[in-house]
$ cat run18.tsv   # TSV, C-alpha atoms
chain	number	residue	atom	x	y	z
A	26	MET	CA	9.81	0.15	21.17
A	27	PRO	CA	11.81	-2.90	20.10
A	28	LEU	CA	13.50	-2.97	16.71
A	29	VAL	CA	14.10	-5.87	14.34
A	30	ARG	CA	16.31	-5.18	11.31
A	31	GLY	CA	15.18	-1.56	11.25
A	32	PHE	CA	11.47	-2.19	11.82
A	33	GLN	CA	9.73	-0.30	14.57
A	34	LEU	CA	7.26	-2.76	15.97
A	35	PHE	CA	3.69	-1.53	16.02
A	36	CYS	CA	2.06	-1.70	19.44
A	37	PRO	CA	-1.62	-0.68	19.38
A	38	THR	CA	-2.82	1.39	22.30
A	39	LYS	CA	-6.23	2.18	23.69
A	40	ARG	CA	-6.02	5.54	21.97
A	41	GLY	CA	-5.12	4.08	18.58
A	42	CYS	CA	-7.07	2.35	15.84
A	43	LEU	CA	-8.05	-0.56	17.99
A	44	GLY	CA	-9.79	1.66	20.49
A	45	ALA	CA	-13.07	2.05	18.67
A	46	ARG	CA	-14.11	5.62	18.09
A	47	ARG	CA	-17.14	4.73	15.99
A	48	ALA	CA	-19.20	1.61	15.35
A	49	THR	CA	-16.89	-1.42	15.26
A	50	SER	CA	-17.17	-4.25	12.74
A	51	ARG	CA	-17.67	-7.55	14.56
A	52	SER	CA	-16.00	-9.42	11.72
A	53	SER	CA	-12.67	-7.64	11.96
A	54	GLY	CA	-12.50	-6.12	15.42
A	55	VAL	CA	-11.38	-2.78	13.99
A	56	THR	CA	-13.07	0.57	13.64
A	57	VAL	CA	-15.07	1.04	10.44
A	58	TYR	CA	-16.99	4.23	9.81
A	59	ALA	CA	-20.52	4.21	8.47
A	60	THR	CA	-20.65	5.51	4.90
A	61	ALA	CA	-23.05	6.23	2.12
A	62	LYS	CA	-22.66	3.94	-0.89
A	63	ARG	CA	-19.04	4.21	-2.03
A	64	ALA	CA	-16.62	2.27	-4.21
A	65	VAL	CA	-13.08	1.18	-3.33
A	66	PHE	CA	-10.33	-0.46	-5.37
A	67	ILE	CA	-7.70	-2.43	-3.45
A	68	THR	CA	-4.59	-3.99	-4.94
A	69	GLY	CA	-3.81	-7.32	-3.32
A	70	GLY	CA	-7.25	-7.47	-1.74
A	71	ASN	CA	-7.33	-11.26	-1.76
A	72	THR	CA	-5.08	-11.85	1.26
A	73	GLY	CA	-3.61	-10.33	4.40
A	74	ILE	CA	-4.45	-6.76	5.33
A	75	GLY	CA	-5.82	-6.12	1.85
A	76	TYR	CA	-8.42	-8.84	2.33
A	77	GLU	CA	-9.33	-7.62	5.80
A	78	THR	CA	-9.65	-4.08	4.47
A	79	ALA	CA	-11.91	-5.31	1.67
A	80	LYS	CA	-14.06	-7.34	4.06
A	81	ALA	CA	-14.46	-4.55	6.60
A	82	LEU	CA	-15.35	-1.94	3.98
A	83	ALA	CA	-17.75	-4.34	2.24
A	84	ALA	CA	-19.47	-4.81	5.59
A	85	GLN	CA	-20.17	-1.08	5.67
A	86	GLY	CA	-21.66	-0.91	2.19
A	87	PHE	CA	-18.66	-0.12	0.02
A	88	ARG	CA	-18.65	-1.61	-3.44
A	89	VAL	CA	-15.31	-3.46	-3.42
A	90	THR	CA	-13.05	-4.26	-6.36
A	91	ILE	CA	-9.81	-6.13	-5.76
A	92	GLY	CA	-6.84	-6.35	-8.09
A	93	CYS	CA	-5.30	-9.82	-7.90
A	94	ARG	CA	-2.77	-11.79	-9.96
A	95	ASP	CA	-4.47	-15.15	-9.34
A	96	ALA	CA	-8.10	-15.34	-10.49
A	97	VAL	CA	-8.79	-18.44	-8.37
A	98	LYS	CA	-7.51	-16.78	-5.21
A	99	ALA	CA	-9.50	-13.65	-6.02
A	100	GLY	CA	-12.66	-15.70	-6.45
A	101	LEU	CA	-12.16	-17.54	-3.18
A	102	ALA	CA	-11.55	-14.29	-1.30
A	103	LEU	CA	-14.67	-12.66	-2.69
A	104	ALA	CA	-16.71	-15.78	-1.97
A	105	ARG	CA	-15.66	-15.64	1.69
A	106	ILE	CA	-16.68	-12.00	1.93
A	107	LYS	CA	-19.97	-12.70	0.15
A	108	GLU	CA	-20.72	-15.56	2.52
A	109	ALA	CA	-20.23	-13.24	5.49
A	110	PHE	CA	-22.08	-10.32	3.90
A	111	PRO	CA	-24.58	-11.57	1.27
A	112	SER	CA	-25.56	-8.06	0.18
A	113	ALA	CA	-21.95	-7.04	-0.58
A	114	VAL	CA	-21.20	-5.83	-4.11
A	115	LEU	CA	-17.85	-7.31	-5.12
A	116	ASP	CA	-15.71	-7.92	-8.16
A	117	SER	CA	-12.09	-8.46	-9.14
A	118	VAL	CA	-9.72	-7.42	-11.92
A	119	PRO	CA	-6.61	-9.36	-13.01
A	120	LEU	CA	-3.48	-7.51	-11.89
A	121	ASP	CA	0.17	-8.55	-11.87
A	122	LEU	CA	2.19	-5.61	-10.59
A	123	ALA	CA	5.38	-7.29	-11.83
A	124	ASP	CA	4.25	-6.90	-15.44
A	125	LEU	CA	3.41	-3.46	-16.82
A	126	SER	CA	1.30	-5.04	-19.57
A	127	SER	CA	-0.95	-6.49	-16.88
A	128	VAL	CA	-0.96	-3.14	-15.10
A	129	SER	CA	-2.14	-1.40	-18.28
A	130	ASP	CA	-4.79	-4.05	-18.88
A	131	CYS	CA	-6.04	-3.59	-15.32
A	132	ALA	CA	-6.20	0.18	-15.72
A	133	LYS	CA	-8.12	-0.18	-18.99
A	134	ARG	CA	-10.65	-2.53	-17.38
A	135	VAL	CA	-11.12	-0.09	-14.50
A	136	LEU	CA	-11.66	2.83	-16.87
A	137	ASP	CA	-13.97	0.85	-19.13
A	138	SER	CA	-16.09	-0.27	-16.17
A	139	GLY	CA	-17.36	3.25	-15.61
A	140	VAL	CA	-17.16	2.83	-11.84
A	141	GLN	CA	-16.29	6.07	-10.08
A	142	TYR	CA	-14.04	5.08	-7.21
A	143	ASP	CA	-14.14	7.06	-4.00
A	144	VAL	CA	-11.10	5.27	-2.54
A	145	TRP	CA	-8.03	3.82	-4.24
A	146	ILE	CA	-5.78	1.69	-2.01
A	147	ASN	CA	-2.35	0.63	-3.26
A	148	ASN	CA	-1.88	-2.23	-0.82
A	149	ALA	CA	-0.14	-5.18	-2.52
A	150	GLY	CA	3.55	-5.79	-2.06
A	151	VAL	CA	6.49	-8.13	-1.63
A	152	MET	CA	9.13	-8.11	1.10
A	153	SER	CA	12.74	-9.21	1.48
A	154	CYS	CA	12.75	-11.42	-1.59
A	155	PRO	CA	15.90	-12.70	-3.31
A	156	LYS	CA	17.31	-10.89	-6.30
A	157	MET	CA	14.68	-11.18	-9.03
A	158	SER	CA	13.40	-9.13	-11.96
A	159	THR	CA	9.98	-8.08	-13.18
A	160	ALA	CA	8.75	-8.78	-16.70
A	161	GLN	CA	10.32	-5.51	-17.84
A	162	GLY	CA	13.64	-6.24	-16.11
A	163	PHE	CA	13.20	-4.00	-13.05
A	164	GLU	CA	14.50	-5.05	-9.65
A	165	TYR	CA	11.57	-6.98	-8.24
A	166	GLN	CA	10.77	-5.16	-5.01
A	167	LEU	CA	11.06	-1.71	-6.55
A	168	GLY	CA	9.14	-2.94	-9.58
A	169	VAL	CA	6.21	-4.44	-7.66
A	170	ASN	CA	5.99	-2.18	-4.63
A	171	HIS	CA	6.63	1.12	-6.38
A	172	LEU	CA	6.75	1.09	-10.18
A	173	GLY	CA	3.69	-1.11	-10.66
A	174	HIS	CA	1.59	1.06	-8.36
A	175	PHE	CA	3.05	4.25	-9.82
A	176	ALA	CA	2.00	3.18	-13.32
A	177	LEU	CA	-1.43	1.95	-12.28
A	178	THR	CA	-2.30	5.04	-10.27
A	179	ASN	CA	-1.18	7.42	-13.00
A	180	GLN	CA	-3.19	5.57	-15.64
A	181	VAL	CA	-6.42	5.79	-13.66
A	182	LEU	CA	-5.69	9.25	-12.26
A	183	PRO	CA	-7.52	11.21	-15.02
A	184	ALA	CA	-10.73	9.35	-14.14
A	185	LEU	CA	-10.21	10.03	-10.44
A	186	GLN	CA	-9.58	13.70	-11.21
A	187	THR	CA	-12.81	14.09	-13.16
A	188	SER	CA	-14.93	12.34	-10.56
A	189	ASN	CA	-17.75	14.46	-9.20
A	190	LYS	CA	-16.99	13.45	-5.62
A	191	PRO	CA	-14.03	13.44	-3.21
A	192	VAL	CA	-11.44	10.71	-3.82
A	193	ARG	CA	-8.93	9.26	-1.37
A	194	ILE	CA	-5.71	7.64	-2.60
A	195	ILE	CA	-4.00	5.53	0.07
A	196	ASN	CA	-0.54	3.98	-0.24
A	197	VAL	CA	0.45	1.21	2.16
A	198	ALA	CA	4.10	1.85	2.99
A	199	SER	CA	6.10	0.70	6.03
A	200	ALA	CA	8.27	1.95	8.85
A	201	ALA	CA	10.99	0.06	6.96
A	202	HIS	CA	11.25	3.12	4.72
A	203	ALA	CA	13.48	4.59	7.44
A	204	PHE	CA	16.42	2.43	6.36
A	205	GLY	CA	15.75	2.87	2.64
A	206	LYS	CA	17.98	4.96	0.40
A	207	ILE	CA	17.39	6.03	-3.20
A	208	ASP	CA	20.61	5.64	-5.20
A	209	PHE	CA	19.95	6.96	-8.69
A	210	ASN	CA	23.35	5.65	-9.81
A	211	ASP	CA	22.25	2.08	-9.04
A	212	LEU	CA	18.48	2.21	-9.00
A	213	MET	CA	18.08	-1.49	-9.86
A	214	LEU	CA	20.76	-2.55	-7.36
A	215	ASP	CA	22.85	-4.21	-10.06
A	216	ARG	CA	26.11	-3.48	-8.25
A	217	SER	CA	25.06	-4.65	-4.82
A	218	TYR	CA	21.83	-6.30	-3.69
A	219	ASP	CA	20.55	-6.66	-0.16
A	220	ALA	CA	16.97	-7.89	0.25
A	221	TRP	CA	16.20	-5.71	3.28
A	222	GLN	CA	17.76	-2.58	1.84
A	223	SER	CA	15.77	-3.17	-1.31
A	224	TYR	CA	12.56	-3.50	0.66
A	225	GLY	CA	13.25	-0.35	2.66
A	226	ARG	CA	14.03	1.53	-0.52
A	227	SER	CA	10.78	0.42	-2.17
A	228	LYS	CA	8.80	1.58	0.88
A	229	LEU	CA	10.62	4.90	0.86
A	230	ALA	CA	9.60	5.17	-2.79
A	231	ASN	CA	5.96	4.63	-1.76
A	232	ILE	CA	6.14	7.61	0.58
A	233	LEU	CA	8.05	9.82	-1.86
A	234	PHE	CA	5.42	8.97	-4.48
A	235	SER	CA	2.61	9.86	-2.07
A	236	TYR	CA	4.06	13.24	-1.21
A	237	GLU	CA	5.00	14.09	-4.79
A	238	LEU	CA	1.61	13.07	-6.17
A	239	ASN	CA	-0.04	15.30	-3.60
A	240	ARG	CA	2.14	18.22	-4.76
A	241	ARG	CA	1.37	17.56	-8.43
A	242	LEU	CA	-2.40	17.41	-8.11
A	243	ARG	CA	-4.21	20.37	-9.61
A	244	PRO	CA	-5.79	22.99	-7.32
A	245	GLY	CA	-9.27	21.94	-8.39
A	246	ASP	CA	-8.72	18.21	-7.88
A	247	ASN	CA	-10.86	16.86	-5.07
A	248	ILE	CA	-8.29	14.19	-4.19
A	249	THR	CA	-6.34	13.45	-1.03
A	250	VAL	CA	-3.20	11.29	-0.95
A	251	ASN	CA	-1.91	9.70	2.23
A	252	CYS	CA	0.35	6.81	3.17
A	253	LEU	CA	0.70	4.57	6.18
A	254	HIS	CA	2.64	2.00	8.16
A	255	PRO	CA	0.28	-0.90	8.99
A	256	GLY	CA	2.47	-2.48	11.66
A	257	ILE	CA	4.27	-5.81	11.63
A	258	VAL	CA	1.52	-8.18	10.56
A	259	LYS	CA	1.15	-11.95	10.24
A	260	THR	CA	0.65	-12.18	6.47
A	261	GLU	CA	2.07	-13.93	3.42
A	262	LEU	CA	4.36	-10.93	3.01
A	263	GLY	CA	6.94	-12.66	5.21
A	264	ARG	CA	7.19	-15.82	3.11
A	265	TYR	CA	10.65	-14.93	1.82
A	266	MET	CA	11.83	-14.16	5.33
A	267	ALA	CA	10.82	-17.63	6.50
A	268	ALA	CA	12.90	-19.12	3.69
A	269	GLU	CA	16.08	-17.33	4.73
A	270	THR	CA	18.83	-19.63	6.04
A	271	THR	CA	20.88	-17.13	8.05
A	272	TRP	CA	21.52	-18.17	11.66
A	273	TYR	CA	19.74	-15.16	13.12
A	274	MET	CA	16.52	-15.31	11.10
A	275	PRO	CA	14.80	-18.00	13.23
A	276	LEU	CA	15.58	-15.91	16.31
A	277	ALA	CA	14.34	-12.72	14.64
A	278	MET	CA	11.15	-14.40	13.42
A	279	GLY	CA	10.48	-15.81	16.87
A	280	LEU	CA	10.89	-12.37	18.43
A	281	MET	CA	8.76	-10.66	15.82
A	282	LYS	CA	5.89	-13.11	16.32
A	283	LEU	CA	5.57	-11.88	19.89
A	284	PHE	CA	4.63	-8.46	18.56
A	285	MET	CA	2.98	-9.22	15.23
A	286	LEU	CA	-0.57	-8.08	14.61
A	287	GLU	CA	-3.33	-10.16	13.15
A	288	PRO	CA	-4.24	-9.07	9.59
A	289	ALA	CA	-7.50	-7.48	10.77
A	290	GLN	CA	-5.54	-5.32	13.20
A	291	GLY	CA	-2.99	-4.42	10.53
A	292	ALA	CA	-5.81	-3.25	8.27
A	293	ALA	CA	-7.04	-0.72	10.83
A	294	THR	CA	-5.18	2.33	9.50
A	295	SER	CA	-6.12	1.56	5.89
A	296	ILE	CA	-9.78	1.33	6.93
A	297	TYR	CA	-9.49	4.54	8.93
A	298	LEU	CA	-8.00	6.47	6.02
A	299	ALA	CA	-10.58	5.03	3.63
A	300	SER	CA	-13.67	5.81	5.66
A	301	SER	CA	-13.15	8.11	8.62
A	302	PRO	CA	-14.65	11.61	8.49
A	303	GLU	CA	-11.75	12.66	10.71
A	304	VAL	CA	-9.39	12.66	7.73
A	305	GLU	CA	-11.69	14.30	5.22
A	306	GLY	CA	-9.57	16.83	3.33
A	307	VAL	CA	-6.35	15.71	5.06
A	308	THR	CA	-3.65	15.07	2.47
A	309	GLY	CA	0.07	14.53	1.99
A	310	LYS	CA	0.50	12.85	5.39
A	311	TYR	CA	1.98	9.66	6.86
A	312	PHE	CA	-0.08	7.69	9.37
A	313	VAL	CA	0.73	5.10	12.02
A	314	ASN	CA	-1.94	3.56	14.25
A	315	CYS	CA	-4.61	5.89	12.81
A	316	SER	CA	-2.63	8.96	13.80
A	317	ARG	CA	-0.46	11.35	11.86
A	318	ALA	CA	3.23	10.56	12.21
A	319	VAL	CA	6.56	11.83	10.93
A	320	SER	CA	8.31	9.85	8.21
A	321	SER	CA	12.08	9.81	7.68
A	322	ASN	CA	14.04	12.91	6.73
A	323	ASP	CA	14.81	11.43	3.31
A	324	SER	CA	11.11	11.08	2.56
A	325	TYR	CA	10.66	14.87	2.67
A	326	ASN	CA	13.38	15.60	0.09
A	327	HIS	CA	11.53	17.33	-2.75
A	328	ASP	CA	14.40	16.96	-5.23
A	329	THR	CA	14.61	13.20	-4.65
A	330	ALA	CA	10.84	12.85	-4.97
A	331	ARG	CA	10.75	14.86	-8.20
A	332	ARG	CA	13.62	12.93	-9.76
A	333	LEU	CA	12.17	9.57	-8.72
A	334	TRP	CA	8.85	10.59	-10.27
A	335	GLU	CA	10.50	11.56	-13.55
A	336	ILE	CA	12.55	8.36	-13.74
A	337	SER	CA	9.53	6.24	-12.78
A	338	GLN	CA	7.50	7.97	-15.47
A	339	GLU	CA	10.19	7.22	-18.04
A	340	LEU	CA	10.57	3.57	-16.98
A	341	THR	CA	6.86	2.83	-16.94
A	342	MET	CA	5.82	5.17	-19.77
A	343	ALA	CA	3.09	6.43	-17.44
A	344	PRO	CA	1.13	9.58	-18.36
$ encode --input "run18.tsv" --output "structure tokens"
Amino acid sequence: MPLVRGFQLFCPTKRGCLGARRATSRSSGVTVYATAKRAVFITGGNTGIGYETAKALAAQGFRVTIGCRDAVKAGLALARIKEAFPSAVLDSVPLDLADLSSVSDCAKRVLDSGVQYDVWINNAGVMSCPKMSTAQGFEYQLGVNHLGHFALTNQVLPALQTSNKPVRIINVASAAHAFGKIDFNDLMLDRSYDAWQSYGRSKLANILFSYELNRRLRPGDNITVNCLHPGIVKTELGRYMAAETTWYMPLAMGLMKLFMLEPAQGAATSIYLASSPEVEGVTGKYFVNCSRAVSSNDSYNHDTARRLWEISQELTMAP
């Protein structure tokens, strides 16, 4: 398959997600599995693949909660879903993953709501942005893509653990993790910053977090944890790429558009992991195109995963 700056382009096949194996949602064109009444929380569910995931699951009867930084955008997204599916049960919670105070407020609202979530999807993210910092001074891509989700998931984890039903935690990563490296001597990239290396590192952190969380769950916990590469998708995630002024970026963007998926297609693996009976009880795995795949060698390093967990716990003051 072609490569662009380390990305393996996602090419759906007839045997993948887009080849319907169950009833297919007309609204999204992707496979959605019929479910009993369930509840799902999706970070960044107001746009891109998060929105398409929310819409497709709402169509199948899931109660959908989205975490979104912008209340207006959240309201508009939910209104569009409600217009398409009038019986959908929807709500939103303010969430800014770049600010741990907002993350804690979101977790508190979730816990206070009393909703028992069957599915928790850490979907939101940023990509290839210039050197920036979160509210707590963390490098922005690591802070938003990894640390924010790490803190949020750990704060709601006790409620997920005490749920009286199976729970699925799903982390949206990327094939870009393959060129990511965790340098504990320069975790915030203060010495040298490269936007793509930072993105790859944050996606590697997503996978390391998924695998380590799976190892740390108690034997009696009825929770599965999986992660995925959604493909190269036409979403707002590429807004910083479009702003780059390097000579090769227009060429790269033009090439990538030939292979990019529509957001509804990019949501297919998230929907599959959230609702398919085929993955019931499957945990600690990486998925591409609704199939189990092998992540990078670095992602399976237990020592790196453990140390990243401990440092993330210290930085975020997570439980």
$ atom_distance --input "run18.tsv" --atom1 "atom CA of A:Leu122" --atom2 "atom CA of A:His174"
7.1 Å
$ residues_around --input "run18.tsv" --residues "A:Val140" --least-positions-apart "6" --cutoff "12 Å" --atoms "only C-alpha atoms" --output "VMD selection string"
chain A and resid 63 to 66 88 to 90 116 132 to 134 181 184 to 185 188 to 189
$ atom_distance --input "run18.tsv" --atom1 "atom CA of A:Cys315" --atom2 "atom CA of A:Arg331"
27.5 Å
$ atom_distance --input "run18.tsv" --atom1 "atom CA of A:Ile257" --atom2 "atom CA of A:Tyr76"
16.0 Å
$ closest_residue --input "run18.tsv" --among "A:Ile194, A:Ile67, A:Met157, A:Val135" --to "A:Met213" --atoms "all atoms listed in the file"
A:Met157
$ closest_residue --input "run18.tsv" --among "A:Lys62, A:Lys190, A:Lys206, A:Lys228" --to "A:Val151" --atoms "all atoms listed in the file"
A:Lys228
$ residues_near_point --input "run18.tsv" --point "(-5.2, 12.2, -4.1)" --cutoff "6 Å" --atoms "all atoms listed in the file" --output "count of residues only"
5
$ closest_residue --input "run18.tsv" --among "A:Leu115, A:Leu238, A:Ala343, A:Val319" --to "A:Ala203" --atoms "only C-alpha atoms"
A:Val319
$ residues_around --input "run18.tsv" --residues "A:Ser337" --least-positions-apart "4" --cutoff "10 Å" --atoms "all atoms listed in the file" --output "list in words"
Gly168, His171, Leu172, Gly173, Phe175, Ala176, Phe234, Arg331, Arg332, Leu333, Thr341, Met342 and Ala343 of chain A
$ write_last_selection --input "run18.tsv" --atoms "C-alpha atoms" --output "PDB file, in the frame of the given file"
ATOM      1  CA  GLY A 168       9.140  -2.940  -9.580  1.00  0.00           C
ATOM      2  CA  HIS A 171       6.630   1.120  -6.380  1.00  0.00           C
ATOM      3  CA  LEU A 172       6.750   1.090 -10.180  1.00  0.00           C
ATOM      4  CA  GLY A 173       3.690  -1.110 -10.660  1.00  0.00           C
ATOM      5  CA  PHE A 175       3.050   4.250  -9.820  1.00  0.00           C
ATOM      6  CA  ALA A 176       2.000   3.180 -13.320  1.00  0.00           C
ATOM      7  CA  PHE A 234       5.420   8.970  -4.480  1.00  0.00           C
ATOM      8  CA  ARG A 331      10.750  14.860  -8.200  1.00  0.00           C
ATOM      9  CA  ARG A 332      13.620  12.930  -9.760  1.00  0.00           C
ATOM     10  CA  LEU A 333      12.170   9.570  -8.720  1.00  0.00           C
ATOM     11  CA  THR A 341       6.860   2.830 -16.940  1.00  0.00           C
ATOM     12  CA  MET A 342       5.820   5.170 -19.770  1.00  0.00           C
ATOM     13  CA  ALA A 343       3.090   6.430 -17.440  1.00  0.00           C
TER      14      ALA A 343
END
$ closest_residue --input "run18.tsv" --among "A:Ser300, A:Ser117, A:Ser321, A:Thr294" --to "A:Ala201" --atoms "only C-alpha atoms"
A:Ser321
$ residues_around --input "run18.tsv" --residues "A:Gln222" --least-positions-apart "6" --cutoff "12 Å" --atoms "all atoms listed in the file" --output "ChimeraX atom specification"
/A:30-32,152-156,166-167,201-208,212-214,228-229
$ residues_around --input "run18.tsv" --residues "A:Asn326" --least-positions-apart "4" --cutoff "10 Å" --atoms "all atoms listed in the file" --output "ChimeraX atom specification"
/A:233,236-237,321-322,330-331
$ closest_residue --input "run18.tsv" --among "A:Asp219, A:Gln186, A:Ser295, A:Thr159" --to "A:Ser126" --atoms "all atoms listed in the file"
A:Thr159
